[in-house]
>>> print(open('entry-v8.cif').read())   # mmCIF, N, CA and C atoms
data_data
#
loop_
_atom_site.label_atom_id
_atom_site.label_comp_id
_atom_site.auth_asym_id
_atom_site.auth_seq_id
_atom_site.Cartn_x
_atom_site.Cartn_y
_atom_site.Cartn_z
N ALA A 17 18.68 -2.75 -3.32
CA ALA A 17 17.34 -2.20 -3.52
C ALA A 17 16.37 -3.32 -3.87
N GLY A 18 15.09 -3.07 -3.65
CA GLY A 18 14.06 -4.05 -3.96
C GLY A 18 13.68 -4.01 -5.42
N THR A 19 12.66 -4.76 -5.75
CA THR A 19 12.14 -4.83 -7.12
C THR A 19 11.65 -3.46 -7.57
N VAL A 20 12.01 -3.07 -8.79
CA VAL A 20 11.57 -1.79 -9.36
C VAL A 20 10.41 -2.06 -10.31
N VAL A 21 9.34 -1.31 -10.15
CA VAL A 21 8.13 -1.47 -10.95
C VAL A 21 7.82 -0.16 -11.66
N ASP A 22 7.56 -0.21 -12.97
CA ASP A 22 7.05 0.95 -13.69
C ASP A 22 5.55 1.01 -13.46
N VAL A 23 5.05 2.16 -13.05
CA VAL A 23 3.63 2.32 -12.77
C VAL A 23 3.08 3.39 -13.70
N TYR A 24 1.91 3.13 -14.28
CA TYR A 24 1.24 4.07 -15.18
C TYR A 24 -0.11 4.41 -14.58
N LEU A 25 -0.39 5.68 -14.44
CA LEU A 25 -1.68 6.13 -13.96
C LEU A 25 -2.41 6.69 -15.17
N ARG A 26 -3.52 6.06 -15.55
CA ARG A 26 -4.22 6.40 -16.79
C ARG A 26 -5.69 6.66 -16.52
N LEU A 27 -6.24 7.62 -17.24
CA LEU A 27 -7.67 7.88 -17.20
C LEU A 27 -8.26 7.34 -18.49
N ASN A 28 -9.23 6.44 -18.36
CA ASN A 28 -9.86 5.81 -19.52
C ASN A 28 -11.02 6.68 -20.01
N GLY A 29 -11.15 6.79 -21.30
CA GLY A 29 -12.26 7.56 -21.85
C GLY A 29 -11.95 7.94 -23.29
N ASP A 30 -12.68 8.92 -23.80
CA ASP A 30 -12.44 9.34 -25.17
C ASP A 30 -11.20 10.23 -25.26
N LYS A 31 -10.89 10.72 -26.46
CA LYS A 31 -9.66 11.47 -26.67
C LYS A 31 -9.63 12.79 -25.90
N ASP A 32 -10.76 13.26 -25.44
CA ASP A 32 -10.82 14.50 -24.67
C ASP A 32 -10.79 14.26 -23.16
N THR A 33 -10.59 13.03 -22.75
CA THR A 33 -10.56 12.68 -21.34
C THR A 33 -9.18 13.01 -20.76
N TYR A 34 -9.16 13.60 -19.59
CA TYR A 34 -7.90 13.96 -18.96
C TYR A 34 -8.09 14.06 -17.44
N TYR A 35 -6.96 14.15 -16.73
CA TYR A 35 -7.00 14.49 -15.31
C TYR A 35 -5.99 15.59 -15.07
N GLU A 36 -6.18 16.31 -13.98
CA GLU A 36 -5.33 17.46 -13.69
C GLU A 36 -4.46 17.28 -12.46
N GLY A 37 -4.72 16.24 -11.67
CA GLY A 37 -3.91 16.03 -10.48
C GLY A 37 -4.09 14.62 -9.95
N PHE A 38 -3.17 14.21 -9.10
CA PHE A 38 -3.25 12.87 -8.52
C PHE A 38 -2.33 12.77 -7.32
N MET A 39 -2.56 11.74 -6.53
CA MET A 39 -1.67 11.33 -5.46
C MET A 39 -1.77 9.81 -5.40
N ALA A 40 -0.63 9.11 -5.32
CA ALA A 40 -0.65 7.65 -5.31
C ALA A 40 0.33 7.11 -4.27
N GLN A 41 -0.01 5.94 -3.75
CA GLN A 41 0.83 5.22 -2.80
C GLN A 41 0.79 3.73 -3.11
N ALA A 42 1.81 3.02 -2.69
CA ALA A 42 1.81 1.55 -2.70
C ALA A 42 1.59 1.13 -1.25
N ARG A 43 0.69 0.17 -1.06
CA ARG A 43 0.37 -0.26 0.30
C ARG A 43 0.36 -1.78 0.37
N ILE A 44 0.71 -2.29 1.52
CA ILE A 44 0.56 -3.73 1.75
C ILE A 44 -0.93 -4.01 1.69
N GLU A 45 -1.30 -5.06 0.98
CA GLU A 45 -2.71 -5.40 0.79
C GLU A 45 -3.44 -5.45 2.14
N GLY A 46 -4.54 -4.71 2.24
CA GLY A 46 -5.35 -4.70 3.46
C GLY A 46 -4.88 -3.71 4.52
N GLU A 47 -3.81 -2.97 4.25
CA GLU A 47 -3.29 -2.01 5.22
C GLU A 47 -3.35 -0.60 4.65
N THR A 48 -3.08 0.39 5.48
CA THR A 48 -3.19 1.78 5.05
C THR A 48 -1.88 2.53 4.99
N THR A 49 -0.80 1.93 5.44
CA THR A 49 0.50 2.60 5.46
C THR A 49 1.20 2.45 4.12
N ALA A 50 1.72 3.55 3.59
CA ALA A 50 2.45 3.52 2.32
C ALA A 50 3.83 2.90 2.52
N VAL A 51 4.26 2.10 1.55
CA VAL A 51 5.56 1.44 1.61
C VAL A 51 6.32 1.67 0.30
N GLY A 52 7.62 1.48 0.34
CA GLY A 52 8.44 1.62 -0.85
C GLY A 52 8.77 3.06 -1.15
N VAL A 53 9.45 3.25 -2.29
CA VAL A 53 9.94 4.57 -2.67
C VAL A 53 9.56 4.84 -4.12
N PHE A 54 9.00 6.01 -4.38
CA PHE A 54 8.66 6.44 -5.73
C PHE A 54 9.75 7.33 -6.30
N ALA A 55 9.87 7.32 -7.62
CA ALA A 55 10.81 8.21 -8.31
C ALA A 55 10.25 8.55 -9.68
N THR A 56 10.67 9.69 -10.19
CA THR A 56 10.26 10.10 -11.53
C THR A 56 11.28 11.09 -12.08
N GLY A 57 11.42 11.07 -13.38
CA GLY A 57 12.25 12.07 -14.04
C GLY A 57 11.39 13.17 -14.63
N ASP A 58 10.08 13.09 -14.43
CA ASP A 58 9.11 14.02 -14.98
C ASP A 58 8.98 15.22 -14.04
N THR A 59 9.22 16.41 -14.55
CA THR A 59 9.16 17.61 -13.70
C THR A 59 7.75 17.98 -13.28
N ASP A 60 6.72 17.32 -13.85
CA ASP A 60 5.34 17.56 -13.45
C ASP A 60 4.94 16.78 -12.21
N MET A 61 5.83 15.91 -11.73
CA MET A 61 5.53 15.06 -10.58
C MET A 61 6.67 15.13 -9.57
N GLU A 62 6.36 14.74 -8.33
CA GLU A 62 7.40 14.64 -7.31
C GLU A 62 7.02 13.59 -6.28
N ALA A 63 8.04 12.92 -5.77
CA ALA A 63 7.85 11.99 -4.66
C ALA A 63 7.90 12.82 -3.38
N VAL A 64 6.97 12.53 -2.47
CA VAL A 64 6.89 13.29 -1.22
C VAL A 64 6.88 12.34 -0.03
N ASP A 65 7.19 12.88 1.13
CA ASP A 65 7.24 12.11 2.36
C ASP A 65 5.88 12.15 3.05
N CYS A 66 5.39 10.99 3.46
CA CYS A 66 4.16 10.91 4.25
C CYS A 66 4.39 10.02 5.45
N SER A 67 3.82 10.40 6.57
CA SER A 67 3.89 9.61 7.81
C SER A 67 5.32 9.28 8.20
N GLY A 68 6.23 10.22 7.97
CA GLY A 68 7.61 10.04 8.41
C GLY A 68 8.45 9.15 7.51
N MET A 69 7.92 8.70 6.40
CA MET A 69 8.67 7.85 5.47
C MET A 69 9.09 8.69 4.26
N VAL A 70 10.27 8.43 3.72
CA VAL A 70 10.83 9.22 2.63
C VAL A 70 10.30 8.75 1.28
N ASP A 71 9.80 9.68 0.48
CA ASP A 71 9.39 9.44 -0.91
C ASP A 71 8.41 8.27 -1.08
N ASN A 72 7.53 8.07 -0.11
CA ASN A 72 6.59 6.94 -0.19
C ASN A 72 5.26 7.29 -0.84
N THR A 73 5.15 8.51 -1.35
CA THR A 73 3.94 8.97 -2.02
C THR A 73 4.37 9.75 -3.25
N ILE A 74 3.61 9.65 -4.33
CA ILE A 74 3.91 10.45 -5.52
C ILE A 74 2.70 11.30 -5.85
N THR A 75 2.96 12.53 -6.30
CA THR A 75 1.88 13.46 -6.60
C THR A 75 2.30 14.39 -7.73
N HIS A 76 1.35 15.13 -8.24
CA HIS A 76 1.64 16.14 -9.26
C HIS A 76 2.19 17.39 -8.57
N ASN A 77 2.99 18.16 -9.29
CA ASN A 77 3.42 19.45 -8.78
C ASN A 77 3.22 20.54 -9.84
N ALA A 78 2.44 20.20 -10.86
CA ALA A 78 2.07 21.13 -11.92
C ALA A 78 0.62 20.86 -12.27
N HIS A 79 -0.02 21.82 -12.86
CA HIS A 79 -1.40 21.64 -13.29
C HIS A 79 -1.43 21.64 -14.81
N ASP A 80 -1.86 20.53 -15.36
CA ASP A 80 -1.95 20.37 -16.79
C ASP A 80 -3.07 19.37 -17.04
N LYS A 81 -3.26 18.97 -18.27
CA LYS A 81 -4.28 17.98 -18.62
C LYS A 81 -3.56 16.73 -19.11
N TRP A 82 -3.59 15.66 -18.30
CA TRP A 82 -2.89 14.42 -18.62
C TRP A 82 -3.88 13.29 -18.85
N THR A 83 -3.49 12.33 -19.66
CA THR A 83 -4.24 11.08 -19.79
C THR A 83 -3.46 9.95 -19.15
N THR A 84 -2.13 10.01 -19.18
CA THR A 84 -1.29 8.97 -18.59
C THR A 84 -0.03 9.61 -18.02
N LYS A 85 0.37 9.15 -16.85
CA LYS A 85 1.65 9.54 -16.26
C LYS A 85 2.38 8.26 -15.87
N ARG A 86 3.71 8.26 -16.02
CA ARG A 86 4.55 7.10 -15.69
C ARG A 86 5.53 7.49 -14.60
N PHE A 87 5.69 6.59 -13.62
CA PHE A 87 6.68 6.77 -12.58
C PHE A 87 7.14 5.40 -12.13
N THR A 88 8.16 5.35 -11.29
CA THR A 88 8.65 4.05 -10.82
C THR A 88 8.45 3.94 -9.31
N TRP A 89 8.31 2.71 -8.87
CA TRP A 89 8.20 2.41 -7.45
C TRP A 89 9.19 1.30 -7.15
N THR A 90 9.93 1.46 -6.07
CA THR A 90 10.89 0.45 -5.63
C THR A 90 10.38 -0.16 -4.33
N ALA A 91 10.23 -1.48 -4.34
CA ALA A 91 9.76 -2.20 -3.15
C ALA A 91 10.84 -2.20 -2.08
N PRO A 92 10.43 -2.24 -0.82
CA PRO A 92 11.42 -2.40 0.26
C PRO A 92 12.16 -3.72 0.09
N ASN A 93 13.42 -3.77 0.51
CA ASN A 93 14.22 -4.99 0.38
C ASN A 93 13.60 -6.18 1.09
N ASP A 94 12.98 -5.94 2.22
CA ASP A 94 12.49 -7.04 3.06
C ASP A 94 11.01 -7.34 2.86
N ILE A 95 10.42 -6.85 1.79
CA ILE A 95 8.98 -7.03 1.59
C ILE A 95 8.66 -8.49 1.27
N THR A 96 7.67 -9.03 1.95
CA THR A 96 7.18 -10.38 1.67
C THR A 96 5.66 -10.38 1.60
N ASP A 97 5.10 -9.19 1.47
CA ASP A 97 3.64 -9.04 1.43
C ASP A 97 3.19 -8.65 0.03
N ASN A 98 1.92 -8.90 -0.25
CA ASN A 98 1.33 -8.47 -1.50
C ASN A 98 1.08 -6.96 -1.44
N ILE A 99 1.15 -6.29 -2.60
CA ILE A 99 1.06 -4.84 -2.68
C ILE A 99 -0.12 -4.42 -3.56
N VAL A 100 -0.78 -3.34 -3.16
CA VAL A 100 -1.82 -2.71 -3.96
C VAL A 100 -1.46 -1.23 -4.09
N PHE A 101 -1.54 -0.70 -5.31
CA PHE A 101 -1.35 0.73 -5.52
C PHE A 101 -2.71 1.40 -5.36
N ARG A 102 -2.72 2.54 -4.66
CA ARG A 102 -3.97 3.24 -4.38
C ARG A 102 -3.77 4.72 -4.72
N ALA A 103 -4.74 5.30 -5.41
CA ALA A 103 -4.59 6.68 -5.86
C ALA A 103 -5.88 7.47 -5.72
N THR A 104 -5.71 8.77 -5.62
CA THR A 104 -6.79 9.73 -5.80
C THR A 104 -6.45 10.48 -7.08
N VAL A 105 -7.42 10.58 -7.98
CA VAL A 105 -7.21 11.22 -9.27
C VAL A 105 -8.23 12.35 -9.41
N VAL A 106 -7.76 13.54 -9.79
CA VAL A 106 -8.61 14.72 -9.84
C VAL A 106 -8.79 15.19 -11.27
N ARG A 107 -10.04 15.28 -11.68
CA ARG A 107 -10.38 15.86 -12.99
C ARG A 107 -10.57 17.37 -12.84
N GLY A 108 -11.16 17.76 -11.75
CA GLY A 108 -11.41 19.17 -11.44
C GLY A 108 -11.94 19.26 -10.03
N THR A 109 -12.31 20.43 -9.61
CA THR A 109 -12.75 20.60 -8.22
C THR A 109 -14.01 19.84 -7.88
N GLU A 110 -14.81 19.49 -8.89
CA GLU A 110 -16.06 18.79 -8.61
C GLU A 110 -16.09 17.35 -9.10
N VAL A 111 -15.09 16.91 -9.83
CA VAL A 111 -15.06 15.53 -10.32
C VAL A 111 -13.70 14.94 -9.98
N PHE A 112 -13.73 13.87 -9.19
CA PHE A 112 -12.49 13.23 -8.79
C PHE A 112 -12.78 11.78 -8.40
N TRP A 113 -11.74 10.96 -8.39
CA TRP A 113 -11.85 9.56 -8.04
C TRP A 113 -11.01 9.33 -6.79
N VAL A 114 -11.60 8.73 -5.78
CA VAL A 114 -10.91 8.47 -4.52
C VAL A 114 -10.79 6.96 -4.35
N GLY A 115 -9.63 6.49 -3.93
CA GLY A 115 -9.47 5.07 -3.65
C GLY A 115 -9.38 4.19 -4.88
N VAL A 116 -8.84 4.72 -5.98
CA VAL A 116 -8.64 3.89 -7.17
C VAL A 116 -7.54 2.89 -6.84
N GLU A 117 -7.83 1.60 -7.00
CA GLU A 117 -6.86 0.57 -6.64
C GLU A 117 -6.45 -0.25 -7.84
N SER A 118 -5.20 -0.66 -7.82
CA SER A 118 -4.69 -1.59 -8.82
C SER A 118 -5.11 -3.00 -8.43
N SER A 119 -4.86 -3.92 -9.32
CA SER A 119 -4.91 -5.33 -8.93
C SER A 119 -3.75 -5.56 -7.98
N THR A 120 -3.69 -6.72 -7.41
CA THR A 120 -2.66 -7.01 -6.41
C THR A 120 -1.35 -7.43 -7.07
N LEU A 121 -0.27 -6.86 -6.58
CA LEU A 121 1.07 -7.29 -6.95
C LEU A 121 1.44 -8.35 -5.92
N ILE A 122 1.55 -9.60 -6.39
CA ILE A 122 1.73 -10.73 -5.49
C ILE A 122 3.21 -11.03 -5.26
N TYR A 123 3.58 -11.15 -4.01
CA TYR A 123 4.94 -11.53 -3.67
C TYR A 123 5.12 -13.03 -3.85
N THR A 124 6.19 -13.42 -4.51
CA THR A 124 6.63 -14.81 -4.54
C THR A 124 8.13 -14.80 -4.28
N ALA A 125 8.69 -15.93 -3.97
CA ALA A 125 10.12 -15.99 -3.67
C ALA A 125 10.96 -15.64 -4.88
N ASP A 126 10.46 -15.89 -6.09
CA ASP A 126 11.24 -15.64 -7.30
C ASP A 126 11.03 -14.25 -7.88
N ALA A 127 9.81 -13.76 -7.87
CA ALA A 127 9.50 -12.48 -8.50
C ALA A 127 8.11 -12.05 -8.09
N CYS A 128 7.74 -10.87 -8.51
CA CYS A 128 6.38 -10.39 -8.28
C CYS A 128 5.56 -10.65 -9.53
N THR A 129 4.29 -10.94 -9.35
CA THR A 129 3.39 -11.11 -10.48
C THR A 129 2.11 -10.35 -10.19
N ALA A 130 1.40 -9.99 -11.22
CA ALA A 130 0.14 -9.27 -11.04
C ALA A 130 -1.01 -10.24 -11.16
N ARG A 131 -2.03 -10.06 -10.34
CA ARG A 131 -3.24 -10.87 -10.44
C ARG A 131 -4.41 -9.96 -10.16
N GLY A 132 -5.55 -10.46 -10.44
CA GLY A 132 -6.71 -9.75 -9.97
C GLY A 132 -7.64 -9.30 -11.06
N VAL A 133 -8.40 -8.31 -10.72
CA VAL A 133 -9.50 -7.84 -11.55
C VAL A 133 -9.05 -6.68 -12.41
N PRO A 134 -9.80 -6.38 -13.47
CA PRO A 134 -9.48 -5.21 -14.28
C PRO A 134 -9.59 -3.95 -13.43
N PRO A 135 -9.07 -2.83 -13.94
CA PRO A 135 -9.15 -1.58 -13.19
C PRO A 135 -10.58 -1.23 -12.84
N SER A 136 -10.71 -0.44 -11.80
CA SER A 136 -12.02 -0.03 -11.33
C SER A 136 -12.82 0.65 -12.43
N LYS A 137 -14.06 0.27 -12.58
CA LYS A 137 -14.95 0.91 -13.54
C LYS A 137 -15.96 1.80 -12.82
N ALA A 138 -15.73 2.04 -11.55
CA ALA A 138 -16.66 2.84 -10.78
C ALA A 138 -16.69 4.28 -11.29
N PRO A 139 -17.84 4.91 -11.25
CA PRO A 139 -17.89 6.31 -11.66
C PRO A 139 -17.12 7.17 -10.67
N PRO A 140 -16.75 8.36 -11.08
CA PRO A 140 -15.96 9.21 -10.19
C PRO A 140 -16.79 9.63 -8.98
N THR A 141 -16.08 9.94 -7.91
CA THR A 141 -16.73 10.54 -6.76
C THR A 141 -17.00 11.99 -7.13
N THR A 142 -18.17 12.46 -6.85
CA THR A 142 -18.47 13.85 -7.18
C THR A 142 -18.85 14.60 -5.92
N ASP A 143 -18.66 15.89 -5.97
CA ASP A 143 -18.98 16.74 -4.84
C ASP A 143 -19.75 17.95 -5.36
N HIS A 144 -20.43 18.66 -4.49
CA HIS A 144 -21.15 19.87 -4.84
C HIS A 144 -22.21 19.62 -5.92
N GLY A 145 -22.77 18.43 -5.98
CA GLY A 145 -23.83 18.14 -6.91
C GLY A 145 -23.38 18.02 -8.36
N ALA A 146 -22.10 17.85 -8.59
CA ALA A 146 -21.61 17.74 -9.97
C ALA A 146 -22.13 16.45 -10.59
N ARG A 147 -22.27 16.45 -11.90
CA ARG A 147 -22.76 15.26 -12.59
C ARG A 147 -21.65 14.22 -12.69
N SER A 148 -22.02 12.97 -12.64
CA SER A 148 -21.06 11.90 -12.83
C SER A 148 -20.74 11.77 -14.30
N THR A 149 -19.55 11.33 -14.60
CA THR A 149 -19.16 11.08 -15.98
C THR A 149 -18.80 9.62 -16.12
N PRO A 150 -18.96 9.03 -17.31
CA PRO A 150 -18.70 7.60 -17.48
C PRO A 150 -17.22 7.33 -17.72
N LEU A 151 -16.38 7.88 -16.86
CA LEU A 151 -14.94 7.70 -16.98
C LEU A 151 -14.47 6.81 -15.86
N ALA A 152 -13.31 6.25 -16.02
CA ALA A 152 -12.72 5.45 -14.95
C ALA A 152 -11.23 5.68 -14.94
N ALA A 153 -10.66 5.74 -13.78
CA ALA A 153 -9.22 5.86 -13.65
C ALA A 153 -8.67 4.46 -13.42
N SER A 154 -7.49 4.20 -13.93
CA SER A 154 -6.89 2.89 -13.71
C SER A 154 -5.40 3.03 -13.48
N ILE A 155 -4.85 2.02 -12.88
CA ILE A 155 -3.42 1.97 -12.62
C ILE A 155 -2.88 0.77 -13.37
N LEU A 156 -1.82 0.97 -14.13
CA LEU A 156 -1.17 -0.12 -14.85
C LEU A 156 0.24 -0.25 -14.31
N MET A 157 0.79 -1.43 -14.43
CA MET A 157 2.14 -1.66 -13.98
C MET A 157 2.96 -2.30 -15.07
N GLY A 158 4.21 -1.94 -15.15
CA GLY A 158 5.16 -2.64 -16.01
C GLY A 158 6.17 -3.29 -15.10
N LEU A 159 6.29 -4.58 -15.17
CA LEU A 159 7.16 -5.31 -14.25
C LEU A 159 8.07 -6.20 -15.06
N THR A 160 9.35 -6.00 -14.96
CA THR A 160 10.35 -6.76 -15.72
C THR A 160 9.93 -6.92 -17.18
N GLY A 161 9.59 -5.79 -17.79
CA GLY A 161 9.26 -5.79 -19.20
C GLY A 161 7.83 -6.16 -19.53
N LEU A 162 7.05 -6.52 -18.56
CA LEU A 162 5.67 -6.92 -18.80
C LEU A 162 4.75 -5.78 -18.33
N VAL A 163 3.82 -5.41 -19.16
CA VAL A 163 2.83 -4.40 -18.76
C VAL A 163 1.50 -5.10 -18.63
N CYS A 164 0.85 -4.90 -17.49
CA CYS A 164 -0.44 -5.55 -17.27
C CYS A 164 -1.40 -4.58 -16.63
N PHE A 165 -2.71 -4.76 -16.92
CA PHE A 165 -3.73 -3.92 -16.30
C PHE A 165 -3.85 -4.28 -14.84
N LEU A 166 -4.03 -3.27 -14.03
CA LEU A 166 -4.23 -3.49 -12.61
C LEU A 166 -5.51 -2.88 -12.15
#
>>> encode(input="entry-v8.cif", output="structure tokens")
Amino acid sequence: AGTVVDVYLRLNGDKDTYYEGFMAQARIEGETTAVGVFATGDTDMEAVDCSGMVDNTITHNAHDKWTTKRFTWTAPNDITDNIVFRATVVRGTEVFWVGVESSTLIYTADACTARGVPPSKAPPTTDHGARSTPLAASILMGLTGLVCFL
């Protein structure tokens, strides 16, 4: 198996900040196809198949109010490309974030390392004239015992 990464999907904000749903994928930087395999022991989430690939997407399967969810992603054995995690995070029917990206997980011959910018601070995408809120969704990774903002 490839490198296993702990991934945390977190919504930044005050103590009353939460999200109710999400979908996330790992993608080769600059591409749109999901790669790798997700897993979780949390019954509120499940790995699903997209575009004919097994367990390459993770999503919620329960509706609750979360601030952080943790799951794992396993890189393909033959991966030599940099990876970006990409998610859609839903606060409700009128407030959601589309295209939330992590920093880049950089491939090296010895190990993967994280680089890049802090999590997106962009306001949520809104629909139906809903008001924007000053919240931001972010993706964090734990890699070989190291947790870093992405």
>>> resolve_selection(input="entry-v8.cif", expression="the PyMOL selection byres ((chain A and resi 89) around 7)", output="short mmCIF file (atom, residue, chain, number, x, y, z; two decimals) with N, CA and C atoms, keeping the file's coordinate frame")
data_model
loop_
_atom_site.label_atom_id
_atom_site.label_comp_id
_atom_site.auth_asym_id
_atom_site.auth_seq_id
_atom_site.Cartn_x
_atom_site.Cartn_y
_atom_site.Cartn_z
N THR A 19 12.66 -4.76 -5.75
CA THR A 19 12.14 -4.83 -7.12
C THR A 19 11.65 -3.46 -7.57
N VAL A 20 12.01 -3.07 -8.79
CA VAL A 20 11.57 -1.79 -9.36
C VAL A 20 10.41 -2.06 -10.31
N VAL A 21 9.34 -1.31 -10.15
CA VAL A 21 8.13 -1.47 -10.95
C VAL A 21 7.82 -0.16 -11.66
N ASP A 22 7.56 -0.21 -12.97
CA ASP A 22 7.05 0.95 -13.69
C ASP A 22 5.55 1.01 -13.46
N VAL A 23 5.05 2.16 -13.05
CA VAL A 23 3.63 2.32 -12.77
C VAL A 23 3.08 3.39 -13.70
N GLY A 52 7.62 1.48 0.34
CA GLY A 52 8.44 1.62 -0.85
C GLY A 52 8.77 3.06 -1.15
N VAL A 53 9.45 3.25 -2.29
CA VAL A 53 9.94 4.57 -2.67
C VAL A 53 9.56 4.84 -4.12
N PHE A 54 9.00 6.01 -4.38
CA PHE A 54 8.66 6.44 -5.73
C PHE A 54 9.75 7.33 -6.30
N ALA A 55 9.87 7.32 -7.62
CA ALA A 55 10.81 8.21 -8.31
C ALA A 55 10.25 8.55 -9.68
N PHE A 87 5.69 6.59 -13.62
CA PHE A 87 6.68 6.77 -12.58
C PHE A 87 7.14 5.40 -12.13
N THR A 88 8.16 5.35 -11.29
CA THR A 88 8.65 4.05 -10.82
C THR A 88 8.45 3.94 -9.31
N THR A 90 9.93 1.46 -6.07
CA THR A 90 10.89 0.45 -5.63
C THR A 90 10.38 -0.16 -4.33
N ALA A 91 10.23 -1.48 -4.34
CA ALA A 91 9.76 -2.20 -3.15
C ALA A 91 10.84 -2.20 -2.08
#
>>> closest_residue(input="entry-v8.cif", among="A:Val116, A:Gly37, A:Asp80, A:Thr73", to="Arg102 in chain A", atoms="only N, CA and C atoms")
A:Val116
>>> residues_near_point(input="entry-v8.cif", point="(1.0, -1.5, -3.0)", cutoff="6 Å", atoms="all atoms listed in the file", output="ChimeraX atom specification")
/A:41-45,98-102
>>> residues_around(input="entry-v8.cif", residues="Val64 in chain A", least_positions_apart="5", cutoff="6.5 Å", atoms="only N, CA and C atoms", output="CSV table (one decimal) with N, CA and C atoms, in the frame of the given file")
chain,number,residue,atom,x,y,z
A,69,MET,N,7.9,8.7,6.4
A,69,MET,CA,8.7,7.8,5.5
A,69,MET,C,9.1,8.7,4.3
A,70,VAL,N,10.3,8.4,3.7
A,70,VAL,CA,10.8,9.2,2.6
A,70,VAL,C,10.3,8.8,1.3
A,71,ASP,N,9.8,9.7,0.5
A,71,ASP,CA,9.4,9.4,-0.9
A,71,ASP,C,8.4,8.3,-1.1
A,72,ASN,N,7.5,8.1,-0.1
A,72,ASN,CA,6.6,6.9,-0.2
A,72,ASN,C,5.3,7.3,-0.8
A,73,THR,N,5.2,8.5,-1.4
A,73,THR,CA,3.9,9.0,-2.0
A,73,THR,C,4.4,9.8,-3.2
A,74,ILE,N,3.6,9.6,-4.3
A,74,ILE,CA,3.9,10.4,-5.5
A,74,ILE,C,2.7,11.3,-5.8
A,75,THR,N,3.0,12.5,-6.3
A,75,THR,CA,1.9,13.5,-6.6
A,75,THR,C,2.3,14.4,-7.7
>>> atom_distance(input="entry-v8.cif", atom1="atom N of Asp94 in chain A", atom2="atom C of Ala63 in chain A")
20.2 Å
>>> residues_around(input="entry-v8.cif", residues="range 106-109 of chain A", least_positions_apart="5", cutoff="5 Å", atoms="all atoms listed in the file", output="number ranges by chain")
A: 35-38
>>> closest_residue(input="entry-v8.cif", among="A:Met61, A:Leu121, A:Val51, A:Val114", to="Arg86 in chain A", atoms="only C-alpha atoms")
A:Met61
>>> atom_distance(input="entry-v8.cif", atom1="atom N of Asp32 in chain A", atom2="atom C of Thr56 in chain A")
25.9 Å
>>> atom_distance(input="entry-v8.cif", atom1="atom C of Thr104 in chain A", atom2="atom C of Met39 in chain A")
5.0 Å
>>> axis_aligned_box(input="entry-v8.cif", around="range 56-69 of chain A", padding_each_side="3 Å", output="lines of an AutoDock Vina configuration file")
center_x = 8.0
center_y = 12.9
center_z = -3.3
size_x = 14.4
size_y = 16.1
size_z = 29.4
>>> closest_residue(input="entry-v8.cif", among="A:Thr48, A:Asp60, A:Tyr34, A:Gly18", to="Gly115 in chain A", atoms="only C-alpha atoms")
A:Thr48
